[in-house]
$ cat model_7.cif   # mmCIF, C-alpha atoms
data_coords
loop_
_atom_site.label_atom_id
_atom_site.label_comp_id
_atom_site.auth_asym_id
_atom_site.auth_seq_id
_atom_site.Cartn_x
_atom_site.Cartn_y
_atom_site.Cartn_z
CA MET N 1 6.33 -74.64 -3.72
CA LYS N 2 4.21 -71.53 -4.27
CA ASP N 3 5.93 -68.83 -6.29
CA GLU N 4 6.49 -65.89 -3.96
CA ARG N 5 7.05 -62.78 -6.01
CA THR N 6 7.96 -59.37 -4.72
CA ARG N 7 5.49 -56.51 -4.91
CA ARG N 8 7.52 -54.84 -7.66
CA GLN N 9 7.47 -58.05 -9.72
CA PHE N 10 3.74 -58.34 -9.17
CA ILE N 11 3.19 -54.81 -10.45
CA ARG N 12 5.38 -55.52 -13.48
CA ASP N 13 3.47 -58.71 -14.32
CA VAL N 14 0.08 -57.04 -13.93
CA SER N 15 1.23 -54.19 -16.17
CA LEU N 16 2.29 -56.64 -18.87
CA LEU N 17 -1.07 -58.39 -18.67
CA SER N 18 -3.21 -55.29 -18.46
CA SER N 19 -4.20 -55.34 -22.13
CA SER N 20 -4.73 -59.10 -22.36
CA ALA N 21 -8.05 -60.92 -22.57
CA VAL N 22 -7.20 -62.88 -19.43
CA LEU N 23 -6.86 -59.83 -17.22
CA GLY N 24 -9.64 -58.04 -19.05
CA ALA N 25 -11.99 -60.84 -18.10
CA SER N 26 -11.09 -60.79 -14.44
CA MET N 27 -9.34 -57.93 -12.64
CA PRO N 28 -8.09 -55.24 -15.06
CA TRP N 29 -8.26 -52.65 -12.28
CA LEU N 30 -5.58 -54.36 -10.19
CA LYS N 31 -2.92 -52.48 -12.11
CA ALA N 32 -4.25 -49.30 -10.56
CA MET N 33 -4.51 -50.79 -7.11
CA ALA N 34 -0.95 -52.09 -7.24
CA GLY N 35 0.56 -48.63 -7.60
CA GLU N 36 3.35 -47.65 -5.24
CA THR N 37 1.70 -46.36 -2.06
CA GLN N 38 2.79 -46.03 1.53
CA ALA N 39 0.99 -49.25 2.41
CA GLY N 40 2.77 -51.25 -0.27
CA ASN N 41 6.23 -50.38 0.98
CA GLY N 42 5.77 -52.36 4.19
CA ALA N 43 7.45 -55.58 5.20
CA SER N 44 4.69 -57.79 3.81
CA ASP N 45 5.34 -56.61 0.22
CA ARG N 46 1.73 -57.34 -0.69
CA VAL N 47 -1.14 -55.40 -2.24
CA ARG N 48 -3.51 -54.72 0.66
CA LEU N 49 -7.21 -54.38 -0.18
CA GLY N 50 -10.21 -53.31 1.86
CA PHE N 51 -13.81 -54.28 1.08
CA VAL N 52 -16.82 -52.12 1.90
CA GLY N 53 -19.97 -54.12 1.28
CA VAL N 54 -19.82 -57.90 1.18
CA GLY N 55 -23.20 -58.81 -0.25
CA ASP N 56 -23.63 -60.85 -3.43
CA ARG N 57 -21.34 -58.75 -5.62
CA GLY N 58 -18.86 -57.93 -2.88
CA ARG N 59 -18.59 -61.60 -1.96
CA ALA N 60 -17.85 -62.54 -5.59
CA LEU N 61 -15.14 -59.90 -5.86
CA LEU N 62 -13.60 -60.95 -2.56
CA LEU N 63 -13.43 -64.60 -3.63
CA ASN N 64 -11.83 -63.60 -6.95
CA CYS N 65 -9.22 -61.45 -5.24
CA GLN N 66 -8.34 -64.29 -2.88
CA GLN N 67 -7.17 -66.31 -5.89
CA LEU N 68 -4.52 -63.74 -6.80
CA GLU N 69 -0.94 -63.93 -5.60
CA ASN N 70 0.53 -61.11 -3.53
CA VAL N 71 -2.94 -59.76 -2.74
CA GLU N 72 -4.06 -59.54 0.87
CA ILE N 73 -7.62 -58.88 2.00
CA ALA N 74 -6.67 -56.65 4.91
CA ALA N 75 -10.06 -55.25 5.94
CA VAL N 76 -13.76 -55.92 5.42
CA CYS N 77 -16.78 -53.82 6.30
CA ASP N 78 -20.54 -54.40 6.24
CA ASN N 79 -23.28 -53.02 8.49
CA TYR N 80 -25.64 -55.96 7.82
CA GLU N 81 -24.82 -58.62 10.41
CA PRO N 82 -25.13 -61.73 8.17
CA HIS N 83 -22.83 -60.17 5.58
CA TYR N 84 -20.42 -58.97 8.25
CA GLN N 85 -20.14 -62.49 9.66
CA ARG N 86 -19.79 -63.99 6.19
CA ALA N 87 -16.92 -61.62 5.42
CA VAL N 88 -15.16 -62.66 8.62
CA GLU N 89 -15.61 -66.34 7.70
CA LEU N 90 -14.44 -65.88 4.11
CA THR N 91 -11.22 -64.29 5.32
CA ASN N 92 -10.79 -66.83 8.14
CA GLY N 93 -10.85 -63.98 10.63
CA LYS N 94 -7.54 -62.62 9.27
CA ALA N 95 -9.00 -59.41 7.87
CA LYS N 96 -9.86 -56.66 10.30
CA ALA N 97 -13.66 -56.35 10.34
CA PHE N 98 -15.72 -53.18 10.66
CA TYR N 99 -19.41 -52.31 10.83
CA ASP N 100 -18.76 -48.68 9.84
CA TYR N 101 -16.50 -47.78 6.90
CA ARG N 102 -15.45 -44.60 8.69
CA LYS N 103 -13.64 -46.77 11.23
CA MET N 104 -11.75 -48.35 8.34
CA LEU N 105 -10.72 -44.87 7.23
CA ASP N 106 -8.82 -44.50 10.50
CA GLU N 107 -6.45 -47.19 9.21
CA ALA N 108 -6.39 -46.06 5.59
CA ASP N 109 -2.60 -45.71 5.64
CA LYS N 110 -2.43 -49.51 5.83
CA LEU N 111 -4.45 -50.02 2.62
CA ASP N 112 -3.48 -49.72 -1.03
CA ALA N 113 -7.05 -49.65 -2.32
CA VAL N 114 -10.65 -50.25 -1.37
CA ILE N 115 -13.41 -52.08 -3.22
CA ILE N 116 -16.90 -50.65 -2.73
CA ALA N 117 -19.92 -52.89 -3.33
CA THR N 118 -22.61 -51.21 -1.25
CA PRO N 119 -26.15 -50.18 -2.27
CA LEU N 120 -26.10 -47.54 -4.98
CA HIS N 121 -27.01 -44.49 -2.92
CA GLU N 122 -23.92 -45.01 -0.74
CA HIS N 123 -21.36 -45.17 -3.54
CA ALA N 124 -20.57 -41.47 -3.83
CA HIS N 125 -19.88 -40.43 -0.26
CA ILE N 126 -17.91 -43.58 0.57
CA THR N 127 -15.83 -43.26 -2.61
CA ILE N 128 -15.11 -39.59 -1.99
CA ASP N 129 -14.05 -40.23 1.62
CA PHE N 130 -11.54 -42.89 0.59
CA LEU N 131 -10.17 -40.88 -2.32
CA ASN N 132 -9.64 -37.97 0.04
CA SER N 133 -7.75 -40.35 2.33
CA GLY N 134 -5.30 -41.17 -0.45
CA ILE N 135 -6.75 -44.58 -1.37
CA HIS N 136 -7.47 -45.92 -4.88
CA VAL N 137 -11.10 -47.00 -5.35
CA PHE N 138 -12.82 -49.71 -7.36
CA CYS N 139 -16.56 -48.97 -7.12
CA GLU N 140 -19.19 -51.35 -8.37
CA LYS N 141 -21.79 -50.37 -10.92
CA SER N 142 -23.61 -48.19 -11.26
CA MET N 143 -21.41 -45.24 -10.50
CA ALA N 144 -23.84 -43.27 -8.32
CA ARG N 145 -27.50 -42.50 -7.70
CA THR N 146 -27.40 -39.06 -9.34
CA LEU N 147 -25.39 -37.24 -11.99
CA GLU N 148 -24.31 -34.74 -9.35
CA ASP N 149 -22.82 -37.53 -7.25
CA SER N 150 -21.07 -39.02 -10.28
CA LYS N 151 -19.54 -35.64 -11.09
CA ALA N 152 -18.40 -35.18 -7.48
CA MET N 153 -16.69 -38.59 -7.55
CA THR N 154 -14.89 -37.75 -10.80
CA LEU N 155 -13.77 -34.34 -9.62
CA THR N 156 -12.43 -35.81 -6.38
CA ALA N 157 -10.47 -38.48 -8.24
CA ASN N 158 -8.98 -35.82 -10.52
CA ARG N 159 -8.09 -33.54 -7.63
CA THR N 160 -6.52 -36.23 -5.46
CA GLY N 161 -4.72 -37.97 -8.32
CA LYS N 162 -6.09 -41.33 -7.16
CA ILE N 163 -7.57 -43.83 -9.57
CA LEU N 164 -11.32 -44.45 -9.59
CA GLN N 165 -12.54 -47.47 -11.55
CA ILE N 166 -16.23 -48.28 -12.04
CA GLY N 167 -17.10 -51.97 -12.34
CA HIS N 168 -19.16 -52.37 -15.49
CA GLN N 169 -18.22 -55.99 -16.02
CA ARG N 170 -19.18 -56.23 -19.69
CA MET N 171 -16.69 -53.50 -20.51
CA PHE N 172 -14.01 -55.98 -19.43
CA ASN N 173 -15.44 -59.11 -21.06
CA PRO N 174 -13.17 -60.31 -23.92
CA ALA N 175 -16.16 -61.10 -26.14
CA TYR N 176 -17.48 -57.54 -25.96
CA LEU N 177 -14.03 -55.98 -26.19
CA LYS N 178 -13.25 -57.98 -29.32
CA ALA N 179 -16.53 -56.98 -30.94
CA TYR N 180 -15.84 -53.33 -30.08
CA GLU N 181 -12.33 -53.59 -31.51
CA ARG N 182 -13.51 -55.11 -34.78
CA ALA N 183 -16.28 -52.56 -35.18
CA ALA N 184 -14.07 -49.57 -34.33
CA SER N 185 -11.31 -50.69 -36.70
CA GLY N 186 -13.74 -50.97 -39.60
CA GLU N 187 -13.00 -54.67 -40.00
CA ILE N 188 -16.67 -55.56 -40.38
CA GLY N 189 -17.48 -52.60 -42.59
CA GLN N 190 -19.77 -49.65 -42.00
CA ILE N 191 -22.42 -50.34 -39.39
CA THR N 192 -25.80 -48.88 -40.32
CA GLN N 193 -28.11 -50.58 -37.85
CA ILE N 194 -27.90 -52.37 -34.53
CA ARG N 195 -30.70 -54.28 -32.79
CA ALA N 196 -30.10 -55.38 -29.23
CA TYR N 197 -32.25 -56.93 -26.54
CA TRP N 198 -31.91 -57.23 -22.81
CA HIS N 199 -34.69 -59.11 -21.05
CA ARG N 200 -34.97 -59.21 -17.29
CA ASN N 201 -38.14 -60.52 -15.73
CA ASN N 202 -37.10 -61.76 -12.31
CA ASP N 203 -38.22 -60.33 -8.98
CA TRP N 204 -35.74 -58.04 -7.24
CA ARG N 205 -37.50 -58.33 -3.91
CA ARG N 206 -35.65 -60.46 -1.37
CA PRO N 207 -37.06 -62.12 1.73
CA VAL N 208 -36.82 -60.20 4.97
CA PRO N 209 -36.09 -62.19 8.17
CA LYS N 210 -39.29 -62.98 10.05
CA GLY N 211 -39.99 -60.48 12.79
CA ARG N 212 -37.47 -57.93 11.40
CA PRO N 213 -39.58 -55.50 9.31
CA GLU N 214 -37.05 -52.73 10.03
CA LEU N 215 -34.68 -54.51 7.63
CA GLU N 216 -37.02 -54.14 4.64
CA ARG N 217 -35.34 -51.08 3.16
CA LYS N 218 -31.83 -52.31 3.92
CA ILE N 219 -32.43 -55.62 2.15
CA ASN N 220 -34.72 -54.40 -0.64
CA TRP N 221 -33.07 -51.07 -1.33
CA ARG N 222 -33.52 -51.50 -5.09
CA MET N 223 -37.28 -51.24 -4.58
CA TYR N 224 -37.11 -47.65 -3.27
CA ASP N 225 -36.54 -44.57 -5.39
CA GLU N 226 -34.37 -42.76 -2.83
CA TYR N 227 -31.86 -45.63 -2.92
CA SER N 228 -32.01 -46.78 -6.56
CA ALA N 229 -33.56 -45.81 -9.87
CA GLY N 230 -34.28 -49.23 -11.32
CA LEU N 231 -32.84 -50.64 -14.52
CA MET N 232 -31.99 -47.18 -15.81
CA THR N 233 -29.21 -46.87 -13.25
CA GLU N 234 -28.30 -50.56 -13.45
CA LEU N 235 -27.78 -50.79 -17.19
CA LEU N 236 -28.00 -47.44 -19.00
CA LEU N 237 -24.36 -46.41 -18.52
CA ILE N 238 -23.17 -49.41 -20.52
CA LYS N 239 -25.18 -48.18 -23.51
CA SER N 240 -23.93 -44.65 -22.95
CA ARG N 241 -20.28 -45.78 -23.05
CA TRP N 242 -20.83 -47.51 -26.41
CA ARG N 243 -22.58 -44.50 -27.91
CA THR N 244 -20.10 -41.83 -26.85
CA GLY N 245 -17.01 -43.96 -27.35
CA PHE N 246 -17.66 -45.76 -30.61
CA TRP N 247 -19.91 -43.48 -32.61
CA GLU N 248 -17.98 -40.28 -31.89
CA LYS N 249 -14.80 -41.99 -33.06
CA ARG N 250 -16.53 -43.13 -36.25
CA GLN N 251 -17.83 -39.63 -36.92
CA ARG N 252 -14.38 -38.11 -36.43
CA GLY N 253 -12.83 -40.73 -38.69
#
$ encode --input "model_7.cif" --output "structure tokens"
Amino acid sequence: MKDERTRRQFIRDVSLLSSSAVLGASMPWLKAMAGETQAGNGASDRVRLGFVGVGDRGRALLLNCQQLENVEIAAVCDNYEPHYQRAVELTNGKAKAFYDYRKMLDEADKLDAVIIATPLHEHAHITIDFLNSGIHVFCEKSMARTLEDSKAMTLTANRTGKILQIGHQRMFNPAYLKAYERAASGEIGQITQIRAYWHRNNDWRRPVPKGRPELERKINWRMYDEYSAGLMTELLLIKSRWRTGFWEKRQRG
């Protein structure tokens, strides 16, 4: 028989696991999402999540969350019809489905947190709207299209007191965390040089349905400067975190 734990027990267990490699490799941000909110005090006693954007990354996150006990996918949203229908199918029609995230905001009091996996240029305004509605946010990488948007997201999280987590997956990978820990502790001695490589030579362009040229920018948003900024926005923040976190600590020490 499946172990049915209460919400409070779930929060306790997640808190105990929050520093472990297991949780670090999967969903370390669930501790934030499981905080006591008005939604979580309902009869279902479950953590209720909403998803905005159910493309490749959003789909992967949704499937992962479905494997967790006491987590309910309560709402899904995508304005691209194939992804909208896929989200409905993945949740067996049990999650309330929306084409416009602003409609989901109308029912924000029924959610504990929202997971945002939309194209980059939409991250900031969607995140800010949910934070202002009293909802915790997990937003996929990269944080935002511009530094101004990133700052606005941070300031809103600070002002509202809600937790904003950005999904740089390699910051949660046990292999990278262990390497960081060993380097920061001085276990491997003084580091004087690092050489790293990251090769990516695949085509980002995706096929557009025949006879639907109006979908070009929606599907291939990464190819347009007003929506993305290429690999700089996809990968640079990971390098920035290492530089400002590790080297400043070493200099202070």
$ residues_around --input "model_7.cif" --residues "range 49-57 of chain N" --least-positions-apart "6" --cutoff "6 Å" --atoms "all atoms listed in the file" --output "number ranges by chain"
N: 73-78, 83, 111, 113-118
$ closest_residue --input "model_7.cif" --among "N:Arg217, N:Arg205, N:Arg182, N:Arg200" --to "Leu231 in chain N" --atoms "all atoms listed in the file"
N:Arg200
$ atom_distance --input "model_7.cif" --atom1 "CA of His168 in chain N" --atom2 "CA of Asn64 in chain N"
15.9 Å
$ residues_around --input "model_7.cif" --residues "Arg206 in chain N" --least-positions-apart "6" --cutoff "9 Å" --atoms "all atoms listed in the file" --output "VMD selection string"
chain N and resid 216 219 to 220
$ write_last_selection --input "model_7.cif" --atoms "C-alpha atoms" --output "PDB file, in the frame of the given file"
ATOM      1  CA  GLU N 216     -37.020 -54.140   4.640  1.00  0.00           C
ATOM      2  CA  ILE N 219     -32.430 -55.620   2.150  1.00  0.00           C
ATOM      3  CA  ASN N 220     -34.720 -54.400  -0.640  1.00  0.00           C
TER       4      ASN N 220
END
$ atom_distance --input "model_7.cif" --atom1 "CA of Lys151 in chain N" --atom2 "CA of Glu107 in chain N"
26.8 Å
$ closest_residue --input "model_7.cif" --among "N:Gly93, N:Pro119, N:Gly134, N:Gly186" --to "Ser228 in chain N" --atoms "all atoms listed in the file"
N:Pro119
$ closest_residue --input "model_7.cif" --among "N:Gly189, N:Thr233, N:Trp198, N:Gly211" --to "Ser150 in chain N" --atoms "all atoms listed in the file"
N:Thr233
$ residues_near_point --input "model_7.cif" --point "(-33.2, -51.5, -12.9)" --cutoff "12 Å" --atoms "all atoms listed in the file" --output "JSON, numbers by chain"
{"N": [120, 141, 142, 145, 198, 199, 200, 201, 202, 203, 204, 221, 222, 223, 224, 225, 227, 228, 229, 230, 231, 232, 233, 234, 235, 236, 237]}
$ decode --input "model_7.cif" --residues "range 95-110 of chain N" --atoms "all heavy atoms" --output "mmCIF file, in the first residue's frame"
data_model
loop_
_atom_site.group_PDB
_atom_site.id
_atom_site.type_symbol
_atom_site.label_atom_id
_atom_site.label_comp_id
_atom_site.auth_asym_id
_atom_site.auth_seq_id
_atom_site.Cartn_x
_atom_site.Cartn_y
_atom_site.Cartn_z
ATOM 1 N N ALA N 95 -5.381 18.056 -14.391
ATOM 2 C CA ALA N 95 -4.932 19.424 -14.128
ATOM 3 C C ALA N 95 -5.773 20.402 -14.936
ATOM 4 O O ALA N 95 -6.120 20.132 -16.086
ATOM 5 C CB ALA N 95 -3.458 19.573 -14.497
ATOM 6 N N LYS N 96 -6.080 21.523 -14.344
ATOM 7 C CA LYS N 96 -6.825 22.552 -15.070
ATOM 8 C C LYS N 96 -5.891 23.165 -16.110
ATOM 9 O O LYS N 96 -4.762 23.544 -15.792
ATOM 10 C CB LYS N 96 -7.349 23.610 -14.121
ATOM 11 C CG LYS N 96 -8.372 24.518 -14.774
ATOM 12 C CD LYS N 96 -9.222 25.236 -13.752
ATOM 13 C CE LYS N 96 -10.328 26.027 -14.441
ATOM 14 N NZ LYS N 96 -11.201 26.716 -13.462
ATOM 15 N N ALA N 97 -6.339 23.254 -17.356
ATOM 16 C CA ALA N 97 -5.481 23.691 -18.452
ATOM 17 C C ALA N 97 -5.837 25.103 -18.904
ATOM 18 O O ALA N 97 -7.015 25.477 -18.968
ATOM 19 C CB ALA N 97 -5.584 22.720 -19.617
ATOM 20 N N PHE N 98 -4.794 25.881 -19.221
ATOM 21 C CA PHE N 98 -4.965 27.259 -19.649
ATOM 22 C C PHE N 98 -4.107 27.536 -20.880
ATOM 23 O O PHE N 98 -3.022 26.965 -21.035
ATOM 24 C CB PHE N 98 -4.541 28.234 -18.542
ATOM 25 C CG PHE N 98 -5.276 28.078 -17.250
ATOM 26 C CD1 PHE N 98 -4.843 27.159 -16.294
ATOM 27 C CD2 PHE N 98 -6.395 28.840 -16.969
ATOM 28 C CE1 PHE N 98 -5.506 27.017 -15.089
ATOM 29 C CE2 PHE N 98 -7.079 28.707 -15.773
ATOM 30 C CZ PHE N 98 -6.643 27.788 -14.826
ATOM 31 N N TYR N 99 -4.576 28.434 -21.727
ATOM 32 C CA TYR N 99 -3.768 28.936 -22.828
ATOM 33 C C TYR N 99 -3.045 30.227 -22.436
ATOM 34 O O TYR N 99 -2.041 30.585 -23.049
ATOM 35 C CB TYR N 99 -4.641 29.226 -24.053
ATOM 36 C CG TYR N 99 -5.147 27.991 -24.759
ATOM 37 C CD1 TYR N 99 -6.457 27.565 -24.607
ATOM 38 C CD2 TYR N 99 -4.310 27.247 -25.595
ATOM 39 C CE1 TYR N 99 -6.929 26.431 -25.255
ATOM 40 C CE2 TYR N 99 -4.765 26.115 -26.246
ATOM 41 C CZ TYR N 99 -6.073 25.714 -26.081
ATOM 42 O OH TYR N 99 -6.539 24.592 -26.723
ATOM 43 N N ASP N 100 -3.550 30.922 -21.433
ATOM 44 C CA ASP N 100 -3.002 32.202 -21.006
ATOM 45 C C ASP N 100 -2.697 32.125 -19.507
ATOM 46 O O ASP N 100 -3.591 31.838 -18.699
ATOM 47 C CB ASP N 100 -4.022 33.316 -21.279
ATOM 48 C CG ASP N 100 -3.448 34.711 -21.062
ATOM 49 O OD1 ASP N 100 -2.543 34.864 -20.216
ATOM 50 O OD2 ASP N 100 -3.931 35.646 -21.737
ATOM 51 N N TYR N 101 -1.445 32.377 -19.137
ATOM 52 C CA TYR N 101 -1.058 32.255 -17.728
ATOM 53 C C TYR N 101 -1.819 33.227 -16.837
ATOM 54 O O TYR N 101 -1.983 32.990 -15.639
ATOM 55 C CB TYR N 101 0.448 32.468 -17.571
ATOM 56 C CG TYR N 101 0.868 33.918 -17.522
ATOM 57 C CD1 TYR N 101 1.007 34.590 -16.312
ATOM 58 C CD2 TYR N 101 1.133 34.627 -18.692
ATOM 59 C CE1 TYR N 101 1.382 35.922 -16.256
ATOM 60 C CE2 TYR N 101 1.510 35.953 -18.659
ATOM 61 C CZ TYR N 101 1.637 36.595 -17.441
ATOM 62 O OH TYR N 101 2.015 37.916 -17.406
ATOM 63 N N ARG N 102 -2.295 34.320 -17.418
ATOM 64 C CA ARG N 102 -3.036 35.292 -16.612
ATOM 65 C C ARG N 102 -4.358 34.724 -16.116
ATOM 66 O O ARG N 102 -4.873 35.136 -15.074
ATOM 67 C CB ARG N 102 -3.252 36.571 -17.426
ATOM 68 C CG ARG N 102 -1.953 37.369 -17.628
ATOM 69 C CD ARG N 102 -2.099 38.432 -18.676
ATOM 70 N NE ARG N 102 -2.306 37.856 -19.998
ATOM 71 C CZ ARG N 102 -2.268 38.561 -21.133
ATOM 72 N NH1 ARG N 102 -2.031 39.856 -21.089
ATOM 73 N NH2 ARG N 102 -2.470 37.958 -22.294
ATOM 74 N N LYS N 103 -4.899 33.765 -16.846
ATOM 75 C CA LYS N 103 -6.099 33.074 -16.377
ATOM 76 C C LYS N 103 -5.759 32.192 -15.176
ATOM 77 O O LYS N 103 -6.560 32.039 -14.248
ATOM 78 C CB LYS N 103 -6.694 32.231 -17.499
ATOM 79 C CG LYS N 103 -7.156 33.025 -18.710
ATOM 80 C CD LYS N 103 -8.354 33.887 -18.380
ATOM 81 C CE LYS N 103 -8.886 34.577 -19.625
ATOM 82 N NZ LYS N 103 -10.042 35.464 -19.320
ATOM 83 N N MET N 104 -4.564 31.614 -15.202
ATOM 84 C CA MET N 104 -4.126 30.803 -14.061
ATOM 85 C C MET N 104 -3.967 31.675 -12.817
ATOM 86 O O MET N 104 -4.218 31.229 -11.690
ATOM 87 C CB MET N 104 -2.805 30.097 -14.383
ATOM 88 C CG MET N 104 -2.369 29.093 -13.322
ATOM 89 S SD MET N 104 -0.697 28.437 -13.579
ATOM 90 C CE MET N 104 -0.931 27.463 -15.069
ATOM 91 N N LEU N 105 -3.544 32.912 -13.014
ATOM 92 C CA LEU N 105 -3.380 33.830 -11.888
ATOM 93 C C LEU N 105 -4.689 34.049 -11.134
ATOM 94 O O LEU N 105 -4.686 34.301 -9.932
ATOM 95 C CB LEU N 105 -2.865 35.183 -12.384
ATOM 96 C CG LEU N 105 -1.363 35.295 -12.663
ATOM 97 C CD1 LEU N 105 -1.058 36.610 -13.364
ATOM 98 C CD2 LEU N 105 -0.571 35.183 -11.370
ATOM 99 N N ASP N 106 -5.803 33.935 -11.850
ATOM 100 C CA ASP N 106 -7.105 34.121 -11.202
ATOM 101 C C ASP N 106 -7.366 33.068 -10.137
ATOM 102 O O ASP N 106 -8.194 33.258 -9.253
ATOM 103 C CB ASP N 106 -8.230 34.083 -12.240
ATOM 104 C CG ASP N 106 -8.163 35.266 -13.209
ATOM 105 O OD1 ASP N 106 -7.550 36.279 -12.836
ATOM 106 O OD2 ASP N 106 -8.707 35.157 -14.315
ATOM 107 N N GLU N 107 -6.646 31.925 -10.241
ATOM 108 C CA GLU N 107 -6.825 30.845 -9.272
ATOM 109 C C GLU N 107 -5.539 30.619 -8.474
ATOM 110 O O GLU N 107 -5.281 29.524 -7.992
ATOM 111 C CB GLU N 107 -7.244 29.567 -9.990
ATOM 112 C CG GLU N 107 -8.547 29.730 -10.776
ATOM 113 C CD GLU N 107 -9.080 28.410 -11.287
ATOM 114 O OE1 GLU N 107 -8.602 27.354 -10.831
ATOM 115 O OE2 GLU N 107 -9.984 28.438 -12.131
ATOM 116 N N ALA N 108 -4.734 31.669 -8.347
ATOM 117 C CA ALA N 108 -3.441 31.538 -7.688
ATOM 118 C C ALA N 108 -3.554 31.116 -6.231
ATOM 119 O O ALA N 108 -2.645 30.516 -5.677
ATOM 120 C CB ALA N 108 -2.670 32.855 -7.784
ATOM 121 N N ASP N 109 -4.697 31.411 -5.592
ATOM 122 C CA ASP N 109 -4.856 31.036 -4.189
ATOM 123 C C ASP N 109 -4.951 29.532 -4.013
ATOM 124 O O ASP N 109 -4.889 29.026 -2.892
ATOM 125 C CB ASP N 109 -6.089 31.712 -3.595
ATOM 126 C CG ASP N 109 -7.381 31.303 -4.302
ATOM 127 O OD1 ASP N 109 -7.351 31.100 -5.527
ATOM 128 O OD2 ASP N 109 -8.409 31.188 -3.617
ATOM 129 N N LYS N 110 -5.094 28.795 -5.112
ATOM 130 C CA LYS N 110 -5.177 27.336 -5.036
ATOM 131 C C LYS N 110 -3.835 26.662 -5.351
ATOM 132 O O LYS N 110 -3.755 25.446 -5.429
ATOM 133 C CB LYS N 110 -6.242 26.826 -6.008
ATOM 134 C CG LYS N 110 -7.644 27.344 -5.696
ATOM 135 C CD LYS N 110 -8.652 26.828 -6.693
ATOM 136 C CE LYS N 110 -10.051 27.373 -6.371
ATOM 137 N NZ LYS N 110 -11.063 26.914 -7.366
#
